[in-house]
Amino acid sequence: MIHPFNNDMLTSEEHELINYIYNHLSLKSDTAVTEVVDFDLNNFSLFAHYKNLQILSTIAIRRAENAFLSFIKLNYTSPGGKRGDHDNIELQLWGYAILRKDFGHVLIRSENFADKLLELVCPVEIDFDDDNLFSKQFYVVADDKDKAVSAMNFSFRNVVTQLPEGDFLIEIVKDQLIIGNRKPASIESTEQLGKFITTVALLR
């Protein structure tokens with residue numbers, strides 16, 4: 001058993017979990033502990049409601065030069081009713097990839113019933129006329145529709161459709177993509193995230 005992480009900010013439980021996930025991933029992929037250069041969590045709106053963000057450890061997937069998995073400790077407040085709000089600290093795993101195209105600013109998630117109703121009143125969602133399956137399955141908004149549609153070609157959309165329905169959130173800022181499910185880090189999500197970011201980072 002390899003123990004590559006010795007971050008002083010990790011609790012013993014977090015240290016054990018991260019090392020367990022790293023060793024599990026290393027059995028299936030060529031990985032290395034690294035640091036992500038030019039990656040600022042504050043650039044992404046998916047992290048806007050968290051009070052504190054700390055990247056504790058990052059794994060590079062060597063098959064794709066620009067694919068990473070980062071363990072992020074997040075602090076957020078949840079409503080507690082009459083007893084007041086609760087402060088929560090959670091260790092989550094997020095995927096990060098540097099893409100070969102500029103997508104503008106894009107948000108992608110599984111579409112729900114409320115989205116369908118909103119689209120009837122205020123049509124802001126991007127639909128792909130040549131890909132009804134993707135359009136029905138995912139809710140996409142962007143600051144530059146033409147740029148997003150051009151960058152989100154069939155190959156990219158096909159990779160996204162392979163994700164488990166209802167779980168993952170994707171945000172792209174120019175050529176930087178993040179993906180996560182806002183759940184505690186787990187082996188299952190590690191495999192799904194690793195496969196996705198490796199594939200999208202290799203797309204041309």
# chains A, B, ... in the order shown; residues from 1 in each chain; ligands from 1

$ closest_atom_pairs --of "stretch 90-166 of chain A" --to "stretch 174-185 of chain A" --cutoff "8 Å" --atoms "only C-alpha atoms" --output "JSON lines"
{"residue": "A:Glu90", "atom": "CA", "partner": "A:Pro184", "partner_atom": "CA", "distance": 6.4}
{"residue": "A:Leu91", "atom": "CA", "partner": "A:Pro184", "partner_atom": "CA", "distance": 5.6}
{"residue": "A:Gln92", "atom": "CA", "partner": "A:Ala185", "partner_atom": "CA", "distance": 4.6}
{"residue": "A:Leu93", "atom": "CA", "partner": "A:Ala185", "partner_atom": "CA", "distance": 5.0}
{"residue": "A:Trp94", "atom": "CA", "partner": "A:Gly180", "partner_atom": "CA", "distance": 4.7}
{"residue": "A:Gly95", "atom": "CA", "partner": "A:Ile179", "partner_atom": "CA", "distance": 5.1}
{"residue": "A:Tyr96", "atom": "CA", "partner": "A:Ile178", "partner_atom": "CA", "distance": 4.6}
{"residue": "A:Ala97", "atom": "CA", "partner": "A:Leu177", "partner_atom": "CA", "distance": 5.2}
{"residue": "A:Ile98", "atom": "CA", "partner": "A:Gln176", "partner_atom": "CA", "distance": 4.8}
{"residue": "A:Leu99", "atom": "CA", "partner": "A:Asp175", "partner_atom": "CA", "distance": 4.9}
{"residue": "A:Arg100", "atom": "CA", "partner": "A:Asp175", "partner_atom": "CA", "distance": 6.6}
{"residue": "A:Lys101", "atom": "CA", "partner": "A:Asp175", "partner_atom": "CA", "distance": 5.7}
{"residue": "A:Asp102", "atom": "CA", "partner": "A:Lys174", "partner_atom": "CA", "distance": 4.5}
{"residue": "A:Phe103", "atom": "CA", "partner": "A:Lys174", "partner_atom": "CA", "distance": 5.0}
{"residue": "A:Gly104", "atom": "CA", "partner": "A:Lys174", "partner_atom": "CA", "distance": 4.5}
{"residue": "A:His105", "atom": "CA", "partner": "A:Lys174", "partner_atom": "CA", "distance": 6.1}

$ residues_around --residues "A:Leu69" --least-positions-apart "4" --cutoff "12 Å" --atoms "only C-alpha atoms" --output "PyMOL selection string"
chain A and resi 18+21-22+25+31-36+55-62+64+92-97+177-180+185+189-198

$ write_last_selection --atoms "N, CA, C and O atoms" --output "compact mmCIF listing (two decimals), in the first residue's frame"
# COMPACT_ATOMS: atom_id res chain seq x y z
N ILE A 18 -8.33 9.24 1.34
CA ILE A 18 -7.65 9.69 0.13
C ILE A 18 -6.63 8.66 -0.34
O ILE A 18 -6.52 8.35 -1.53
N ILE A 21 -8.48 5.71 -1.88
CA ILE A 21 -8.97 6.02 -3.22
C ILE A 21 -7.82 6.09 -4.22
O ILE A 21 -7.91 5.57 -5.34
N TYR A 22 -6.71 6.71 -3.82
CA TYR A 22 -5.55 6.81 -4.72
C TYR A 22 -5.03 5.43 -5.10
O TYR A 22 -4.76 5.15 -6.28
N LEU A 25 -7.42 3.73 -7.50
CA LEU A 25 -7.34 4.30 -8.83
C LEU A 25 -6.04 3.88 -9.53
O LEU A 25 -6.02 3.64 -10.74
N THR A 31 -1.15 6.98 -12.48
CA THR A 31 -1.46 8.22 -11.76
C THR A 31 -0.23 8.76 -11.04
O THR A 31 0.76 8.05 -10.83
N ALA A 32 -0.31 10.02 -10.64
CA ALA A 32 0.76 10.65 -9.88
C ALA A 32 0.18 11.78 -9.05
O ALA A 32 -0.78 12.44 -9.46
N VAL A 33 0.75 12.01 -7.89
CA VAL A 33 0.37 13.16 -7.07
C VAL A 33 0.99 14.40 -7.69
O VAL A 33 2.15 14.39 -8.10
N THR A 34 0.21 15.48 -7.78
CA THR A 34 0.69 16.66 -8.48
C THR A 34 0.02 17.91 -7.95
O THR A 34 -0.75 17.85 -6.98
N GLU A 35 0.28 19.02 -8.59
CA GLU A 35 -0.41 20.27 -8.33
C GLU A 35 -0.97 20.78 -9.65
O GLU A 35 -0.32 20.66 -10.68
N VAL A 36 -2.19 21.33 -9.61
CA VAL A 36 -2.79 21.88 -10.82
C VAL A 36 -2.38 23.35 -10.93
O VAL A 36 -2.62 24.14 -10.03
N ILE A 55 -7.99 23.00 -1.64
CA ILE A 55 -7.57 21.83 -2.40
C ILE A 55 -6.51 21.12 -1.58
O ILE A 55 -5.40 21.62 -1.40
N LEU A 56 -6.85 19.95 -1.06
CA LEU A 56 -5.93 19.24 -0.17
C LEU A 56 -4.93 18.38 -0.92
O LEU A 56 -3.77 18.31 -0.56
N SER A 57 -5.40 17.72 -1.98
CA SER A 57 -4.52 16.83 -2.74
C SER A 57 -5.06 16.71 -4.16
O SER A 57 -6.27 16.79 -4.38
N THR A 58 -4.16 16.49 -5.10
CA THR A 58 -4.56 16.36 -6.50
C THR A 58 -3.83 15.19 -7.14
O THR A 58 -2.64 14.98 -6.93
N ILE A 59 -4.59 14.42 -7.92
CA ILE A 59 -4.06 13.28 -8.66
C ILE A 59 -4.09 13.60 -10.15
O ILE A 59 -5.11 14.03 -10.67
N ALA A 60 -2.96 13.41 -10.82
CA ALA A 60 -2.90 13.55 -12.27
C ALA A 60 -3.08 12.18 -12.91
O ALA A 60 -2.48 11.19 -12.46
N ILE A 61 -3.89 12.13 -13.95
CA ILE A 61 -4.05 10.90 -14.72
C ILE A 61 -3.16 11.01 -15.94
O ILE A 61 -3.41 11.82 -16.84
N ARG A 62 -2.11 10.23 -15.97
CA ARG A 62 -1.04 10.44 -16.95
C ARG A 62 -1.44 10.10 -18.38
O ARG A 62 -0.83 10.59 -19.33
N ALA A 64 -3.96 11.09 -19.93
CA ALA A 64 -4.36 12.39 -20.51
C ALA A 64 -3.52 13.45 -19.81
O ALA A 64 -3.55 13.58 -18.59
N GLN A 92 -14.91 16.55 -0.70
CA GLN A 92 -15.48 16.12 -1.98
C GLN A 92 -14.37 15.90 -3.00
O GLN A 92 -13.28 16.47 -2.89
N LEU A 93 -14.70 15.11 -4.00
CA LEU A 93 -13.76 14.85 -5.10
C LEU A 93 -14.33 15.49 -6.37
O LEU A 93 -15.47 15.25 -6.75
N TRP A 94 -13.51 16.33 -7.02
CA TRP A 94 -13.91 17.00 -8.25
C TRP A 94 -12.90 16.69 -9.35
O TRP A 94 -11.69 16.62 -9.10
N GLY A 95 -13.41 16.52 -10.56
CA GLY A 95 -12.55 16.33 -11.71
C GLY A 95 -12.26 17.66 -12.38
O GLY A 95 -13.09 18.57 -12.37
N TYR A 96 -11.08 17.76 -12.96
CA TYR A 96 -10.66 18.99 -13.64
C TYR A 96 -9.93 18.60 -14.91
O TYR A 96 -9.07 17.71 -14.89
N ALA A 97 -10.27 19.25 -16.00
CA ALA A 97 -9.61 18.97 -17.28
C ALA A 97 -9.39 20.26 -18.05
O ALA A 97 -10.21 21.18 -17.99
N LEU A 177 -12.52 22.82 -17.46
CA LEU A 177 -13.75 22.11 -17.11
C LEU A 177 -13.63 21.51 -15.72
O LEU A 177 -12.60 20.92 -15.37
N ILE A 178 -14.68 21.65 -14.92
CA ILE A 178 -14.78 20.95 -13.65
C ILE A 178 -16.04 20.10 -13.66
O ILE A 178 -17.02 20.42 -14.33
N ILE A 179 -15.99 19.01 -12.92
CA ILE A 179 -17.15 18.13 -12.80
C ILE A 179 -17.16 17.51 -11.41
O ILE A 179 -16.12 17.10 -10.88
N GLY A 180 -18.34 17.47 -10.80
CA GLY A 180 -18.49 16.87 -9.48
C GLY A 180 -19.95 16.60 -9.20
O GLY A 180 -20.83 16.97 -9.99
N ALA A 185 -16.48 12.28 -1.10
CA ALA A 185 -15.62 11.48 -1.98
C ALA A 185 -15.87 9.99 -1.76
O ALA A 185 -16.06 9.54 -0.63
N SER A 189 -17.52 7.35 -7.30
CA SER A 189 -17.42 8.61 -8.03
C SER A 189 -16.02 8.80 -8.61
O SER A 189 -15.86 9.42 -9.66
N THR A 190 -15.00 8.27 -7.95
CA THR A 190 -13.63 8.36 -8.45
C THR A 190 -13.51 7.72 -9.82
O THR A 190 -12.93 8.30 -10.75
N GLU A 191 -14.05 6.53 -9.97
CA GLU A 191 -13.97 5.82 -11.24
C GLU A 191 -14.73 6.55 -12.33
O GLU A 191 -14.27 6.68 -13.47
N GLN A 192 -15.92 7.06 -12.00
CA GLN A 192 -16.74 7.77 -12.99
C GLN A 192 -16.08 9.08 -13.41
O GLN A 192 -16.02 9.40 -14.60
N LEU A 193 -15.58 9.84 -12.44
CA LEU A 193 -14.92 11.10 -12.74
C LEU A 193 -13.63 10.88 -13.53
O LEU A 193 -13.35 11.61 -14.49
N GLY A 194 -12.85 9.90 -13.11
CA GLY A 194 -11.59 9.62 -13.78
C GLY A 194 -11.78 9.27 -15.24
O GLY A 194 -11.06 9.76 -16.13
N LYS A 195 -12.76 8.43 -15.52
CA LYS A 195 -13.05 8.04 -16.90
C LYS A 195 -13.50 9.24 -17.72
O LYS A 195 -13.05 9.43 -18.87
N PHE A 196 -14.36 10.08 -17.15
CA PHE A 196 -14.90 11.22 -17.89
C PHE A 196 -13.81 12.24 -18.22
O PHE A 196 -13.67 12.65 -19.38
N ILE A 197 -13.05 12.68 -17.21
CA ILE A 197 -12.08 13.74 -17.47
C ILE A 197 -10.95 13.26 -18.38
O ILE A 197 -10.40 14.04 -19.17
N THR A 198 -10.60 11.98 -18.30
CA THR A 198 -9.58 11.45 -19.21
C THR A 198 -10.08 11.53 -20.64
O THR A 198 -9.35 11.95 -21.55

$ select_by_dssp --residues "stretch 15-195 of chain A" --states "strand (DSSP E or B)" --output "VMD selection string"
chain A and resid 31 to 34 52 to 61 67 to 78 86 to 98 105 to 110 138 to 142 169 to 173 176 to 180 184

$ write_last_selection --atoms "C-alpha atoms" --output "short mmCIF file (atom, residue, chain, number, x, y, z; two decimals), in the first residue's frame"
data_model
loop_
_atom_site.label_atom_id
_atom_site.label_comp_id
_atom_site.auth_asym_id
_atom_site.auth_seq_id
_atom_site.Cartn_x
_atom_site.Cartn_y
_atom_site.Cartn_z
CA THR A 31 -1.46 8.22 -11.76
CA ALA A 32 0.76 10.65 -9.88
CA VAL A 33 0.37 13.16 -7.07
CA THR A 34 0.69 16.66 -8.48
CA ASN A 52 -14.07 28.12 2.47
CA LEU A 53 -12.38 26.04 -0.20
CA GLN A 54 -9.14 24.10 0.19
CA ILE A 55 -7.57 21.83 -2.40
CA LEU A 56 -5.93 19.24 -0.17
CA SER A 57 -4.52 16.83 -2.74
CA THR A 58 -4.56 16.36 -6.50
CA ILE A 59 -4.06 13.28 -8.66
CA ALA A 60 -2.90 13.55 -12.27
CA ILE A 61 -4.05 10.90 -14.72
CA ALA A 67 -6.80 15.47 -16.52
CA PHE A 68 -6.85 15.74 -12.73
CA LEU A 69 -8.84 14.67 -9.68
CA SER A 70 -8.76 17.05 -6.72
CA PHE A 71 -9.82 16.39 -3.15
CA ILE A 72 -11.43 19.61 -1.95
CA LYS A 73 -12.49 20.43 1.61
CA LEU A 74 -15.56 22.68 1.56
CA ASN A 75 -17.33 24.60 4.29
CA TYR A 76 -20.99 25.51 3.85
CA THR A 77 -24.03 26.46 5.91
CA SER A 78 -27.29 24.53 5.85
CA HIS A 86 -25.49 24.46 10.77
CA ASP A 87 -21.90 24.77 9.58
CA ASN A 88 -20.77 21.75 7.60
CA ILE A 89 -17.35 20.62 6.44
CA GLU A 90 -17.15 18.04 3.69
CA LEU A 91 -14.41 16.38 1.66
CA GLN A 92 -15.48 16.12 -1.98
CA LEU A 93 -13.76 14.85 -5.10
CA TRP A 94 -13.91 17.00 -8.25
CA GLY A 95 -12.55 16.33 -11.71
CA TYR A 96 -10.66 18.99 -13.64
CA ALA A 97 -9.61 18.97 -17.28
CA ILE A 98 -8.00 21.42 -19.66
CA HIS A 105 -18.86 29.92 -19.84
CA VAL A 106 -21.11 26.84 -19.82
CA LEU A 107 -23.14 24.99 -17.17
CA ILE A 108 -24.39 21.45 -17.82
CA ARG A 109 -26.54 19.26 -15.61
CA SER A 110 -29.30 16.69 -15.91
CA PHE A 138 -29.30 17.65 -20.14
CA TYR A 139 -29.91 21.29 -19.23
CA VAL A 140 -27.31 23.59 -20.81
CA VAL A 141 -26.88 27.35 -20.41
CA ALA A 142 -24.02 29.50 -21.67
CA LEU A 169 -22.63 18.96 -12.51
CA ILE A 170 -20.30 20.33 -15.16
CA GLU A 171 -19.02 23.88 -15.50
CA ILE A 172 -16.67 25.12 -18.19
CA VAL A 173 -14.86 28.46 -18.13
CA GLN A 176 -11.15 24.71 -18.08
CA LEU A 177 -13.75 22.11 -17.11
CA ILE A 178 -14.78 20.95 -13.65
CA ILE A 179 -17.15 18.13 -12.80
CA GLY A 180 -18.49 16.87 -9.48
CA PRO A 184 -18.56 13.07 -0.17
#

$ select_by_dssp --residues "stretch 54-152 of chain A" --states "alpha helix (DSSP H)" --output "PyMOL selection string"
chain A and resi 113-121+132-137+145-151

$ atom_distance --atom1 "atom CA of A:Leu133" --atom2 "atom CA of A:Glu165"
12.5 Å

$ atom_distance --atom1 "atom CA of A:Gln137" --atom2 "atom CA of A:Thr161"
7.8 Å
